[in-house]
Structure formats: C-alpha cells, structure tokens
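Structure file data_15.cif; described as mmCIF, C-alpha atoms.
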data_query
#
loop_
_atom_site.label_atom_id
_atom_site.label_comp_id
_atom_site.auth_asym_id
_atom_site.auth_seq_id
_atom_site.Cartn_x
_atom_site.Cartn_y
_atom_site.Cartn_z
CA MET A 1 35.73 -42.87 17.03
CA THR A 2 37.02 -39.43 17.85
CA ILE A 3 35.57 -36.10 18.90
CA MET A 4 35.41 -35.18 15.21
CA ASN A 5 32.96 -37.96 14.63
CA TYR A 6 30.78 -36.94 17.54
CA THR A 7 30.54 -33.42 16.09
CA GLY A 8 29.59 -35.00 12.82
CA ILE A 9 26.80 -36.97 14.44
CA ILE A 10 25.53 -33.92 16.30
CA ARG A 11 25.37 -32.01 13.03
CA TRP A 12 23.60 -34.96 11.46
CA ALA A 13 21.02 -34.94 14.19
CA GLY A 14 20.68 -31.18 13.90
CA ALA A 15 20.02 -31.41 10.19
CA CYS A 16 17.38 -34.13 10.78
CA VAL A 17 15.57 -32.02 13.38
CA LEU A 18 15.63 -29.04 11.00
CA LEU A 19 14.21 -31.09 8.15
CA ALA A 20 11.50 -32.50 10.40
CA ALA A 21 10.59 -28.99 11.57
CA VAL A 22 10.30 -27.74 8.00
CA GLY A 23 8.14 -30.74 7.12
CA LEU A 24 5.91 -30.19 10.12
CA GLY A 25 5.66 -26.46 9.36
CA GLY A 26 4.40 -27.36 5.91
CA CYS A 27 1.70 -29.61 7.41
CA ILE A 28 0.49 -26.95 9.85
CA GLN A 29 0.35 -24.42 7.02
CA LYS A 30 -1.73 -26.82 4.95
CA LYS A 31 -4.13 -27.48 7.79
CA ALA A 32 -4.66 -23.75 8.44
CA ASP A 33 -5.34 -23.41 4.73
CA GLU A 34 -8.25 -25.79 4.89
CA ALA A 35 -9.86 -24.23 7.97
CA LYS A 36 -12.66 -21.76 7.34
CA LEU A 37 -12.03 -18.06 7.73
CA PRO A 38 -13.33 -16.59 10.99
CA ILE A 39 -16.64 -14.73 11.13
CA PHE A 40 -16.19 -11.34 12.85
CA GLY A 41 -18.47 -9.69 15.38
CA GLU A 42 -21.00 -10.78 17.95
CA ARG A 43 -23.34 -13.68 17.36
CA GLU A 44 -26.65 -14.75 18.83
CA VAL A 45 -28.58 -17.97 18.75
CA GLU A 46 -32.19 -17.62 17.64
CA ASN A 47 -34.42 -20.71 17.46
CA GLY A 48 -31.34 -22.91 17.35
CA ASP A 49 -29.77 -20.95 14.47
CA THR A 50 -26.65 -18.83 14.91
CA VAL A 51 -27.18 -15.25 13.78
CA TYR A 52 -23.98 -13.44 12.85
CA HIS A 53 -23.05 -9.78 12.68
CA THR A 54 -23.82 -8.48 9.18
CA ILE A 55 -23.26 -5.27 7.23
CA ASP A 56 -26.27 -2.98 7.66
CA THR A 57 -28.50 -1.92 4.76
CA PHE A 58 -26.97 0.98 2.83
CA ALA A 59 -27.51 3.14 -0.25
CA PHE A 60 -24.71 5.33 -1.59
CA VAL A 61 -23.92 6.89 -4.97
CA ASP A 62 -20.89 5.80 -6.98
CA GLN A 63 -18.54 7.57 -9.42
CA ASP A 64 -21.05 7.18 -12.26
CA SER A 65 -24.00 8.56 -10.22
CA VAL A 66 -25.42 5.05 -9.91
CA VAL A 67 -26.99 4.06 -6.59
CA VAL A 68 -25.02 1.28 -4.91
CA THR A 69 -26.74 -0.85 -2.27
CA ASN A 70 -26.30 -4.23 -0.62
CA GLU A 71 -28.07 -5.64 -3.70
CA THR A 72 -25.15 -4.50 -5.87
CA PHE A 73 -23.09 -7.07 -3.95
CA ALA A 74 -25.69 -9.85 -3.81
CA GLY A 75 -23.98 -13.19 -4.33
CA LYS A 76 -20.56 -11.48 -4.48
CA ILE A 77 -17.53 -11.25 -2.23
CA TYR A 78 -16.31 -7.69 -1.76
CA VAL A 79 -13.50 -5.75 -0.16
CA ALA A 80 -14.42 -2.44 1.55
CA ASP A 81 -12.32 0.50 2.72
CA PHE A 82 -12.61 4.15 3.79
CA PHE A 83 -10.53 6.99 2.34
CA PHE A 84 -10.68 10.48 0.83
CA THR A 85 -9.14 11.79 -2.36
CA SER A 86 -7.19 14.71 -0.92
CA CYS A 87 -5.54 12.62 1.80
CA ARG A 88 -1.75 12.72 1.70
CA THR A 89 -0.97 10.24 4.43
CA ILE A 90 -2.07 6.62 4.21
CA CYS A 91 -4.69 6.78 1.41
CA PRO A 92 -2.25 6.85 -1.52
CA ILE A 93 -0.61 3.73 -0.10
CA MET A 94 -4.01 2.09 0.45
CA LYS A 95 -5.01 2.87 -3.12
CA THR A 96 -1.73 1.46 -4.46
CA GLN A 97 -2.47 -1.73 -2.52
CA MET A 98 -6.16 -1.84 -3.52
CA LEU A 99 -5.10 -1.45 -7.15
CA ARG A 100 -2.95 -4.53 -6.64
CA VAL A 101 -6.04 -6.39 -5.40
CA TYR A 102 -8.01 -5.06 -8.40
CA ASP A 103 -5.31 -6.15 -10.87
CA SER A 104 -5.06 -9.62 -9.37
CA LEU A 105 -8.86 -10.09 -9.64
CA LYS A 106 -9.35 -8.47 -13.02
CA ASN A 107 -11.01 -11.45 -14.63
CA ASP A 108 -13.13 -12.34 -11.64
CA SER A 109 -16.61 -10.80 -11.71
CA ASN A 110 -17.49 -12.43 -8.36
CA VAL A 111 -15.20 -10.23 -6.29
CA LEU A 112 -15.88 -6.47 -6.16
CA LEU A 113 -14.28 -3.50 -4.43
CA LEU A 114 -16.06 -0.73 -2.49
CA SER A 115 -14.23 2.45 -1.43
CA HIS A 116 -16.20 4.96 0.68
CA THR A 117 -15.12 8.58 0.89
CA ILE A 118 -15.19 9.97 4.44
CA ASP A 119 -15.04 13.52 3.05
CA PRO A 120 -18.28 13.63 1.01
CA GLU A 121 -18.50 17.43 1.10
CA TYR A 122 -15.34 17.68 -0.98
CA ASP A 123 -15.39 14.30 -2.75
CA THR A 124 -18.30 14.82 -5.12
CA VAL A 125 -19.41 12.25 -7.68
CA GLY A 126 -17.47 14.21 -10.31
CA LEU A 127 -14.30 14.11 -8.26
CA LEU A 128 -14.65 10.41 -7.54
CA HIS A 129 -15.25 9.82 -11.25
CA ASP A 130 -12.03 11.65 -12.08
CA TYR A 131 -10.18 9.77 -9.35
CA ALA A 132 -11.31 6.34 -10.61
CA ALA A 133 -10.55 7.28 -14.21
CA ARG A 134 -7.06 8.40 -13.20
CA LEU A 135 -6.52 5.06 -11.48
CA GLY A 136 -7.74 3.43 -14.69
CA VAL A 137 -10.33 1.17 -13.05
CA SER A 138 -13.81 0.11 -14.13
CA ARG A 139 -16.90 0.97 -12.09
CA GLU A 140 -18.27 -2.53 -12.70
CA ARG A 141 -15.53 -3.87 -10.44
CA TRP A 142 -14.57 -1.00 -8.17
CA HIS A 143 -17.19 1.38 -6.79
CA PHE A 144 -16.09 4.69 -5.25
CA VAL A 145 -19.07 5.90 -3.24
CA THR A 146 -20.19 9.07 -1.53
CA GLY A 147 -23.32 9.84 0.47
CA GLU A 148 -24.56 11.48 3.62
CA LYS A 149 -21.61 11.97 5.92
CA ASP A 150 -23.33 10.58 9.02
CA ALA A 151 -24.47 7.49 7.16
CA ILE A 152 -20.91 6.80 5.96
CA TYR A 153 -19.42 7.28 9.43
CA ARG A 154 -22.13 5.17 11.02
CA ILE A 155 -21.71 2.23 8.66
CA ALA A 156 -17.92 2.47 9.02
CA GLN A 157 -18.07 2.23 12.78
CA THR A 158 -21.05 -0.03 13.46
CA SER A 159 -20.98 -2.35 10.44
CA TYR A 160 -17.36 -2.56 9.33
CA PHE A 161 -15.74 -1.80 12.74
CA ALA A 162 -13.51 0.73 10.98
CA THR A 163 -12.54 4.09 12.44
CA ALA A 164 -13.72 7.12 10.46
CA MET A 165 -14.32 10.57 11.88
CA GLU A 166 -13.53 14.24 11.45
CA ASP A 167 -10.73 15.72 13.51
CA LYS A 168 -9.54 19.23 12.76
CA ALA A 169 -6.35 18.56 14.71
CA GLU A 170 -5.21 15.99 12.14
CA PRO A 171 -3.06 17.27 9.24
CA ASP A 172 -5.74 16.41 6.66
CA GLY A 173 -8.76 16.90 8.97
CA PHE A 174 -9.83 13.26 9.44
CA ILE A 175 -8.94 10.19 11.45
CA HIS A 176 -9.50 6.90 9.73
CA SER A 177 -8.12 3.42 9.73
CA GLY A 178 -6.29 1.94 6.77
CA ALA A 179 -8.24 -1.30 7.07
CA PHE A 180 -9.47 -3.44 4.20
CA LEU A 181 -12.50 -5.54 5.16
CA LEU A 182 -13.34 -8.80 3.43
CA ILE A 183 -17.11 -9.36 3.19
CA ASP A 184 -18.68 -12.65 2.16
CA THR A 185 -21.84 -13.32 0.13
CA GLN A 186 -23.93 -13.22 3.32
CA ARG A 187 -22.80 -9.69 4.33
CA ARG A 188 -20.50 -11.08 7.05
CA ILE A 189 -16.97 -9.78 7.79
CA ARG A 190 -14.49 -12.58 7.20
CA GLY A 191 -11.18 -10.73 7.42
CA LYS A 192 -9.55 -7.45 8.40
CA TYR A 193 -6.24 -6.33 6.87
CA ASP A 194 -3.90 -3.36 7.09
CA GLY A 195 -4.26 -1.81 3.65
CA THR A 196 -0.93 -0.04 3.96
CA LYS A 197 1.12 -3.21 4.34
CA ASP A 198 2.21 -5.40 1.47
CA GLU A 199 2.27 -8.63 3.46
CA ASP A 200 -1.18 -8.03 4.95
CA VAL A 201 -2.64 -7.45 1.49
CA ASN A 202 -0.95 -10.68 0.35
CA ARG A 203 -2.85 -12.39 3.15
CA LEU A 204 -6.08 -10.78 1.87
CA LEU A 205 -5.45 -12.14 -1.64
CA HIS A 206 -4.84 -15.56 -0.13
CA ASP A 207 -8.03 -15.34 1.99
CA ILE A 208 -10.14 -14.30 -1.02
CA ARG A 209 -9.12 -17.57 -2.68
CA ARG A 210 -10.00 -19.49 0.49
CA LEU A 211 -13.37 -17.77 0.74
CA LYS A 212 -14.13 -18.57 -2.89
CA ARG A 213 -13.35 -22.23 -2.24
CA GLU A 214 -15.60 -22.18 0.83
CA ILE A 215 -18.50 -20.64 -1.11
CA ALA A 216 -17.99 -23.04 -4.00
CA SER A 217 -18.19 -25.99 -1.59
CA ILE A 218 -21.56 -24.99 -0.06
CA MET B 1 31.63 -45.85 4.73
CA MET B 2 29.93 -44.22 7.72
CA ARG B 3 32.86 -41.90 8.17
CA SER B 4 32.82 -40.72 4.56
CA LEU B 5 29.04 -40.17 4.71
CA ILE B 6 29.42 -37.96 7.76
CA GLY B 7 32.25 -36.17 5.99
CA THR B 8 30.01 -35.40 3.00
CA TRP B 9 27.29 -34.08 5.29
CA ARG B 10 29.76 -31.89 7.06
CA GLY B 11 30.95 -30.52 3.73
CA LEU B 12 27.37 -29.77 2.72
CA LEU B 13 26.66 -27.97 5.98
CA TRP B 14 29.77 -25.87 5.52
CA VAL B 15 28.70 -24.90 2.01
CA LEU B 16 25.25 -24.00 3.35
CA ALA B 17 26.71 -21.96 6.20
CA LEU B 18 28.88 -20.01 3.76
CA VAL B 19 26.31 -19.50 1.00
CA LEU B 20 23.13 -18.80 2.98
CA PRO B 21 24.14 -15.47 4.59
CA GLY B 22 25.27 -14.26 1.17
CA VAL B 23 21.92 -15.15 -0.37
CA LEU B 24 20.00 -13.49 2.44
CA LEU B 25 22.14 -10.36 2.26
CA THR B 26 21.58 -10.03 -1.48
CA ALA B 27 17.83 -10.50 -1.01
CA CYS B 28 17.68 -7.75 1.60
CA SER B 29 19.81 -5.16 -0.16
CA GLY B 30 17.31 -4.57 -2.96
CA ASN B 31 15.06 -2.12 -1.11
CA GLY B 32 13.21 -0.81 -4.13
CA THR B 33 14.30 2.80 -3.72
CA GLY B 34 17.11 4.51 -5.60
CA SER B 35 20.19 3.09 -7.14
CA GLY B 36 22.48 3.56 -4.14
CA VAL B 37 24.69 6.31 -2.75
CA PRO B 38 26.56 7.93 -5.66
CA ASP B 39 30.33 8.26 -5.90
CA GLY B 40 31.61 11.72 -5.17
CA SER B 41 32.34 14.13 -2.35
CA ALA B 42 31.39 13.46 1.24
CA LYS B 43 28.94 16.37 0.98
CA LEU B 44 27.18 14.78 -2.00
CA LYS B 45 26.83 11.52 -0.11
CA GLN B 46 25.60 13.31 3.00
CA TYR B 47 22.97 15.25 1.05
CA TYR B 48 21.92 12.13 -0.84
CA ILE B 49 21.40 10.01 2.29
CA ALA B 50 19.52 12.79 4.09
CA GLY B 51 17.50 13.38 0.91
CA GLU B 52 16.50 9.75 0.62
CA GLY B 53 15.18 9.80 4.20
CA LEU B 54 13.24 13.00 3.52
CA TYR B 55 11.86 11.58 0.27
CA VAL B 56 10.58 8.49 2.07
CA LYS B 57 9.01 10.66 4.78
CA HIS B 58 7.43 13.43 2.69
CA CYS B 59 7.08 12.20 -0.89
CA SER B 60 6.87 8.42 -1.08
CA ASN B 61 3.26 8.07 0.14
CA CYS B 62 2.12 9.35 -3.24
CA HIS B 63 5.12 9.03 -5.56
CA ARG B 64 6.07 5.69 -3.96
CA ALA B 65 9.41 4.49 -2.69
CA ASP B 66 10.29 3.19 -6.16
CA GLY B 67 9.35 6.56 -7.71
CA LYS B 68 6.77 5.08 -10.04
CA GLY B 69 3.79 7.18 -8.87
CA LEU B 70 0.21 5.91 -9.17
CA GLY B 71 -1.84 5.85 -12.38
CA LEU B 72 -2.68 9.36 -13.54
CA LEU B 73 -3.10 10.54 -9.96
CA TYR B 74 0.51 10.95 -8.89
CA PRO B 75 3.18 11.36 -11.60
CA PRO B 76 6.31 9.20 -11.63
CA VAL B 77 9.58 10.71 -10.47
CA ASP B 78 11.86 7.87 -11.54
CA THR B 79 11.66 8.33 -15.30
CA SER B 80 10.29 11.82 -15.97
CA ASP B 81 10.94 14.18 -18.86
CA TYR B 82 9.31 16.90 -16.79
CA MET B 83 11.92 16.54 -14.05
CA ASN B 84 14.76 16.53 -16.56
CA GLU B 85 13.53 19.73 -18.19
CA HIS B 86 12.20 21.71 -15.21
CA PHE B 87 14.82 21.53 -12.51
CA ALA B 88 14.02 24.87 -10.85
CA ASP B 89 10.30 24.13 -10.95
CA VAL B 90 10.82 20.81 -9.17
CA LEU B 91 12.65 22.52 -6.30
CA TYR B 92 10.00 25.20 -6.16
CA LEU B 93 6.98 22.87 -6.03
CA MET B 94 8.36 20.90 -3.09
CA ARG B 95 7.73 23.92 -0.86
CA TYR B 96 5.06 25.85 -2.74
CA GLY B 97 3.06 23.06 -4.37
CA LYS B 98 1.60 22.95 -7.86
CA ALA B 99 -1.86 23.12 -9.36
CA GLY B 100 -3.21 22.70 -12.86
CA GLU B 101 -2.34 20.36 -15.66
CA LEU B 102 1.07 18.74 -15.68
CA VAL B 103 2.31 16.64 -18.60
CA VAL B 104 4.83 13.96 -17.69
CA ASN B 105 6.12 11.54 -20.33
CA GLY B 106 3.16 12.50 -22.53
CA LYS B 107 0.59 11.71 -19.83
CA HIS B 108 -1.73 14.36 -18.44
CA PHE B 109 -1.90 14.78 -14.67
CA ASN B 110 -4.17 17.29 -12.96
CA LYS B 111 -4.27 16.90 -9.20
CA ILE B 112 -3.08 19.53 -6.79
CA MET B 113 0.32 18.76 -5.37
CA PRO B 114 0.33 20.22 -1.86
CA GLY B 115 3.47 22.13 -1.02
CA ASN B 116 5.30 21.49 2.21
CA ALA B 117 5.97 24.97 3.58
CA ALA B 118 7.99 23.56 6.47
CA LEU B 119 10.79 22.25 4.25
CA THR B 120 13.97 24.30 4.71
CA ASN B 121 16.25 25.32 1.84
CA LEU B 122 18.68 22.65 2.95
CA GLU B 123 16.00 19.94 3.02
CA VAL B 124 14.81 20.86 -0.48
CA ALA B 125 18.44 20.72 -1.66
CA GLU B 126 18.86 17.30 -0.04
CA ILE B 127 15.69 15.87 -1.61
CA ALA B 128 16.74 17.32 -4.98
CA THR B 129 20.21 15.79 -4.58
CA TYR B 130 18.58 12.42 -3.97
CA LEU B 131 16.12 12.74 -6.89
CA TYR B 132 18.73 13.98 -9.35
CA ASN B 133 21.29 11.29 -8.49
CA THR B 134 19.11 8.22 -8.49
CA TRP B 135 17.02 6.24 -11.00
CA GLY B 136 19.67 6.72 -13.65
CA ARG B 137 20.31 10.43 -13.05
CA SER B 138 23.74 11.78 -12.08
CA ARG B 139 23.46 15.56 -11.85
CA GLY B 140 25.73 15.77 -8.80
CA LEU B 141 25.26 17.85 -5.68
CA VAL B 142 22.34 20.30 -5.51
CA ASP B 143 23.83 22.79 -3.08
CA VAL B 144 21.75 24.61 -0.49
CA ARG B 145 22.78 27.95 -2.09
CA GLU B 146 21.48 26.76 -5.45
CA ALA B 147 18.17 25.85 -3.81
CA ALA B 148 18.04 29.19 -2.00
CA VAL B 149 18.22 31.08 -5.30
CA VAL B 150 15.08 29.30 -6.51
CA LEU B 151 13.17 29.22 -3.23
CA ASP B 152 13.87 32.63 -1.75
CA THR B 153 13.08 34.55 -4.90
CA ALA B 154 9.68 32.80 -5.17
CA LYS B 155 6.78 35.03 -4.32
CA ALA B 156 3.86 32.90 -5.50
CA PRO B 157 1.24 31.77 -2.97
CA VAL B 158 1.49 28.35 -1.39
CA HIS B 159 -0.99 25.83 -2.77
CA GLY B 160 -3.00 24.23 -0.01
CA SER B 161 -3.71 20.57 0.49
CA ARG B 162 -6.51 20.63 -2.07
#

Target encoding structure tokens, full file:
Amino acid sequence: MTIMNYTGIIRWAGACVLLAAVGLGGCIQKKADEAKLPIFGEREVENGDTVYHTIDTFAFVDQDSVVVTNETFAGKIYVADFFFTSCRTICPIMKTQMLRVYDSLKNDSNVLLLSHTIDPEYDTVGLLHDYAARLGVSRERWHFVTGEKDAIYRIAQTSYFATAMEDKAEPDGFIHSGAFLLIDTQRRIRGKYDGTKDEDVNRLLHDIRRLKREIASI
Amino acid sequence: MMRSLIGTWRGLLWVLALVLPGVLLTACSGNGTGSGVPDGSAKLKQYYIAGEGLYVKHCSNCHRADGKGLGLLYPPVDTSDYMNEHFADVLYLMRYGKAGELVVNGKHFNKIMPGNAALTNLEVAEIATYLYNTWGRSRGLVDVREAAVVLDTAKAPVHGSR
C-alpha cells in the first residue's frame, strides 16, 4: 500500500459520492414533478371551503371581431400575456416565445393563448388581425384581444398581477411586464413565467403538462 | 486484482477530466448568432465585433439573434435576397427606418421598421460590416466613409416608431 493507492481510493470514494448525488438529484426532481403546481394569490376560507384568487369576469374583442369572455376558456387551460404591436423592446421576444408555446401545443385544443394589447387606441381589431395573420396563427387557439383601456389595465393588475400602464417617459410609451400567466380550468393562476427567457418558457411548457395531468386525475 | 481495478478507475477519471471540458466548451461556443469573426484586417475584425454587439442591442429583439426574423412581421436578415440586392438601402433604413411593402425571399412584409436616428455613421458601418460578413456573406469591411456617402446624402424624413 502506497500513497498512490490512497489517492486511488479517495478518487473512488469521490466518484461514489458523485454518483449518489446524481441519483438523489434525480429522485428530488421526480418528486417535484408529482407535486401540484402552486395556486397564486390570496385565499379565504368560507364555510369550510377554501376560496382562491380567480381571474375576474371580462369581455374583450379578438382579431376576428368576436367577443371573448371567460366562457371562451371554460374547461380550458390558457396562457395570458400583455403586449402591443408597435413595441420594439420585449414584445417581439415575447411573441417569438409565445409562438414556440403555440407550436408545441398545436394539436391540443384544451390549451389556448390570450394576448391582450395594452395600446387599444392604436391596436385596432384590424391591426390585431393583420398581426395574427403575419404570425400565421389561428384565432381558435390564440386570441389577440383589445377593449376599453381601463378594463385591460385593471384586469392586468388586479387579476393577473401583471404590470401594464402608460408612461410617456418610456421609449415606446408604456411600461409592462413580460410575464406569461398560466391559468387553470377554474380561472386560477398556477404559474408565472418570464416570457422573454427561453428557460422560463421551457418551464411553462413543462408545467402545462403537469397541469393537464392534474386536471385529468380529478 | 484490487490494484488493477483502482488503476482502471483512475484511467477513466483521467479520460473524463480531459474530455469533459472539451465537450462543455464546444457546447457553449455555438451561440446562435453569426458565423464567427471573419479573417482579414484588424479593422474588419474590430468593426465586425462592434457591429455584432450593436446588432444584438438594437436589432435582435425583432430580427432575432440568429437573424431569422419572425413570421411575416419581421423579415429575416440571415438569408435575404433583399439585403443582397439593396446594400445602400439597408444602411439607410437603419437610421431612417422604412415603411410600406417589402418583399424578402418572395414573402410580403408590411410593418413599419422604426429608424434609429441616434446611430452614428460609424455604428451603421459596424452593423453593416457584421451583417455582410456573417450568415454566409463575405463582403468585407463596410467603411465609415462608405456609410457616410449613403447616410449624409439622405434627405428623406425619419419614420417614427409606428
């Protein structure tokens, strides 16, 4: 037995620890997979039942002049965001990422997308129609909506917890977050993602699959 | 027996230690943007590197880091017959913008491209050097004097953000 052998044994042990750590990491990952997604917002208990924060009632008009309400999403999962067509900063990146979500869910009629314009004075139905057509997406799956400005800002802030407001000091005239919100079939927020980041949108795609499994198991 | 087993392990660890950094390095070097700094003069390289940074900052939100654009909203700049045939126009629209229909590779685009009035002649030349020496192009240096000829003679109004 020499020093050489001791080094060998230390390396051996090191390799074992590493392998064990990788194995354990795999287990933790699996466990997190099976846990339910969180439910966002405040909750109250009424008559022994927990009442969760839900998306308020809304009615907007989409790119085909069709009225879109909560009923449009009844029994569906949907992903919501806030943008405007003339935005040069984060919106093009968000739309590139949302298109990725759209493409990955193309054959799934149970998951819809809802993009609200925060510049309804400029983003008319006609402009949103052109925008959606240029992205090459179907209105059955991806609604681009406009409406009364106050109603859009209010639902952004109080229902989706997303920032959306006018600010003339900003280069494009608005402040808004690049968030994608994952909404379940009971109007509850189940995830919030940075729609400008590849890895965050990967997490969204993963969570959509988890949410579908959860709904299927009820 | 024990000794030879440890020896094999040690060999394996060595191989891993040598191979792993190489693999990681290769994985990281593909950043999705252009095809790398071109061969040529120091000035070409300097323009190209500065141009890539400016492209990422001012252009890639819409045209994307890989130059592929987005649907029929933002035209591609990686493979583009328009760019090959309208060199002066490309320099010009960086500062002054462009409105109206634009046909790229047979596809019809029609969104306003906002100009960036703050771009200097040198910055336009640097972005052009990057664009025209990446994604399979090898035009060579676009000198600041060449850009100045196009930009300073332009009298058209600047297109706004919409």

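Taking atom CA of Lys192 of chain A and atom CA of Glu121 of chain A as the two end points, the separation is 27.4 Å.
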
> Which residues match the PyMOL selection byres ((chain B) within 6 of (chain A)) in the file above, as a ChimeraX atom specification?
Replying inline: /B:6,61-62,71-73

> Evaluating the PyMOL selection byres ((chain B and resi 90) around 12) on the displayed file yields which residues, as a VMD selection string?
Replying inline: chain B and resid 77 80 to 89 91 to 98 102 113 115 124 to 125 127 to 129 131 to 132 147 150 to 151

> In terms of the shortest atom-to-atom distance over all atoms listed in the file, which of A:Asp103, A:Asp184, A:Glu140, A:Asp194 is closest to Phe82 of chain A?
Replying inline: A:Asp194

> Could you pull the residues within 10 Å of Val66 of chain A, counting all atoms listed in the file, minus those fewer than 2 positions along the same chain, as a VMD selection string?
Replying inline: chain A and resid 60 to 64 68 to 69 125 139 143 145

> Care to translate the PyMOL selection byres ((chain A and resi 179) around 12) into actual residues of this file, as number ranges by chain?
Replying inline: A: 79-83, 90-91, 93-95, 97-98, 115-116, 156-157, 160-164, 176-178, 180-182, 191-197, 200-201, 204

> Taking into account all atoms listed in the file, which residue in the set A:Val101, A:Ala35, A:Glu148, A:Ser138 is nearest to Ile118 of chain A?
Replying inline: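 Closest to Ile118 of chain A of all the choices is A:Glu148.
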
Take every atom of segment 92-111 of chain B listed in the file, fit an axis-aligned box around them, add 5 Å per side, and give the centre and edge lengths in Å to one decimal as JSON.
{"center_x": 2.9, "center_y": 18.7, "center_z": -11.7, "size_x": 24.3, "size_y": 24.3, "size_z": 31.7}

>> I'd like the interatomic distance between atom CA of Tyr153 of chain A and atom CA of Gly41 of chain A, to a tenth of an Å.
In response: 18.0 Å

> What does the distance from atom CA of Gly147 of chain A to atom CA of Ile112 of chain B come to in Å, to one decimal?
Replying inline: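 Answer for the atom CA of Gly147 of chain A to atom CA of Ile112 of chain B separation: 23.6 Å.
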
> Which of these residues is nearest to Arg188 of chain A, using all atoms listed in the file: A:Asn202, A:Thr124, A:Thr117, A:Ser159?
Replying inline: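 Nearest to Arg188 of chain A: A:Ser159.
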
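When only C-alpha atoms are used to measure the gap to Glu146 of chain B, the shortest distance among B:Ile49, B:Leu122, B:Ala99, B:Thr134 belongs to B:Leu122.
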
> From the set A:Lys106, A:Lys168, A:Arg141, A:Arg190, which residue has the shortest atom-to-atom contact distance to Leu211 of chain A, counting only C-alpha atoms?
Replying inline: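 Of A:Lys106, A:Lys168, A:Arg141, A:Arg190, the one nearest Leu211 of chain A, counting only C-alpha atoms, is A:Arg190.
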
> Which neighbours of Ala50 of chain B fall inside 9 Å, counting all atoms listed in the file, when residues of the same chain fewer than 2 positions from it are skipped, and could you give them as JSON, numbers by chain?
Replying inline: {"B": [45, 46, 47, 48, 52, 53, 54, 55, 123, 126, 127, 130]}

May I ask you to restore N, CA and C atoms in segment 58-71 of chain B and write the result as a short mmCIF file (atom, residue, chain, number, x, y, z; two decimals), keeping the file's coordinate frame?
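Saved as part-v1.cif:
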data_model
loop_
_atom_site.label_atom_id
_atom_site.label_comp_id
_atom_site.auth_asym_id
_atom_site.auth_seq_id
_atom_site.Cartn_x
_atom_site.Cartn_y
_atom_site.Cartn_z
N HIS B 58 8.35 12.40 3.20
CA HIS B 58 7.43 13.43 2.69
C HIS B 58 6.84 13.15 1.31
N CYS B 59 7.48 12.33 0.51
CA CYS B 59 7.08 12.20 -0.89
C CYS B 59 6.56 10.81 -1.26
N SER B 60 7.09 9.78 -0.57
CA SER B 60 6.87 8.42 -1.08
C SER B 60 5.45 7.89 -0.88
N ASN B 61 4.65 8.52 0.01
CA ASN B 61 3.26 8.07 0.14
C ASN B 61 2.57 8.11 -1.22
N CYS B 62 2.77 9.19 -1.94
CA CYS B 62 2.12 9.35 -3.24
C CYS B 62 3.02 8.88 -4.39
N HIS B 63 4.25 9.35 -4.42
CA HIS B 63 5.12 9.03 -5.56
C HIS B 63 5.77 7.65 -5.42
N ARG B 64 5.59 7.04 -4.27
CA ARG B 64 6.07 5.69 -3.96
C ARG B 64 7.59 5.61 -3.81
N ALA B 65 7.98 4.65 -2.99
CA ALA B 65 9.41 4.49 -2.69
C ALA B 65 10.21 4.19 -3.96
N ASP B 66 9.57 3.50 -4.92
CA ASP B 66 10.29 3.19 -6.16
C ASP B 66 10.14 4.29 -7.20
N GLY B 67 9.46 5.40 -6.82
CA GLY B 67 9.35 6.56 -7.71
C GLY B 67 8.39 6.41 -8.87
N LYS B 68 7.60 5.35 -8.86
CA LYS B 68 6.77 5.08 -10.04
C LYS B 68 5.41 5.78 -10.02
N GLY B 69 5.07 6.47 -8.91
CA GLY B 69 3.79 7.18 -8.87
C GLY B 69 2.61 6.23 -8.86
N LEU B 70 1.40 6.77 -9.16
CA LEU B 70 0.21 5.91 -9.17
C LEU B 70 -0.74 6.39 -10.26
N GLY B 71 -0.92 5.54 -11.28
CA GLY B 71 -1.84 5.85 -12.38
C GLY B 71 -1.64 7.26 -12.90
#
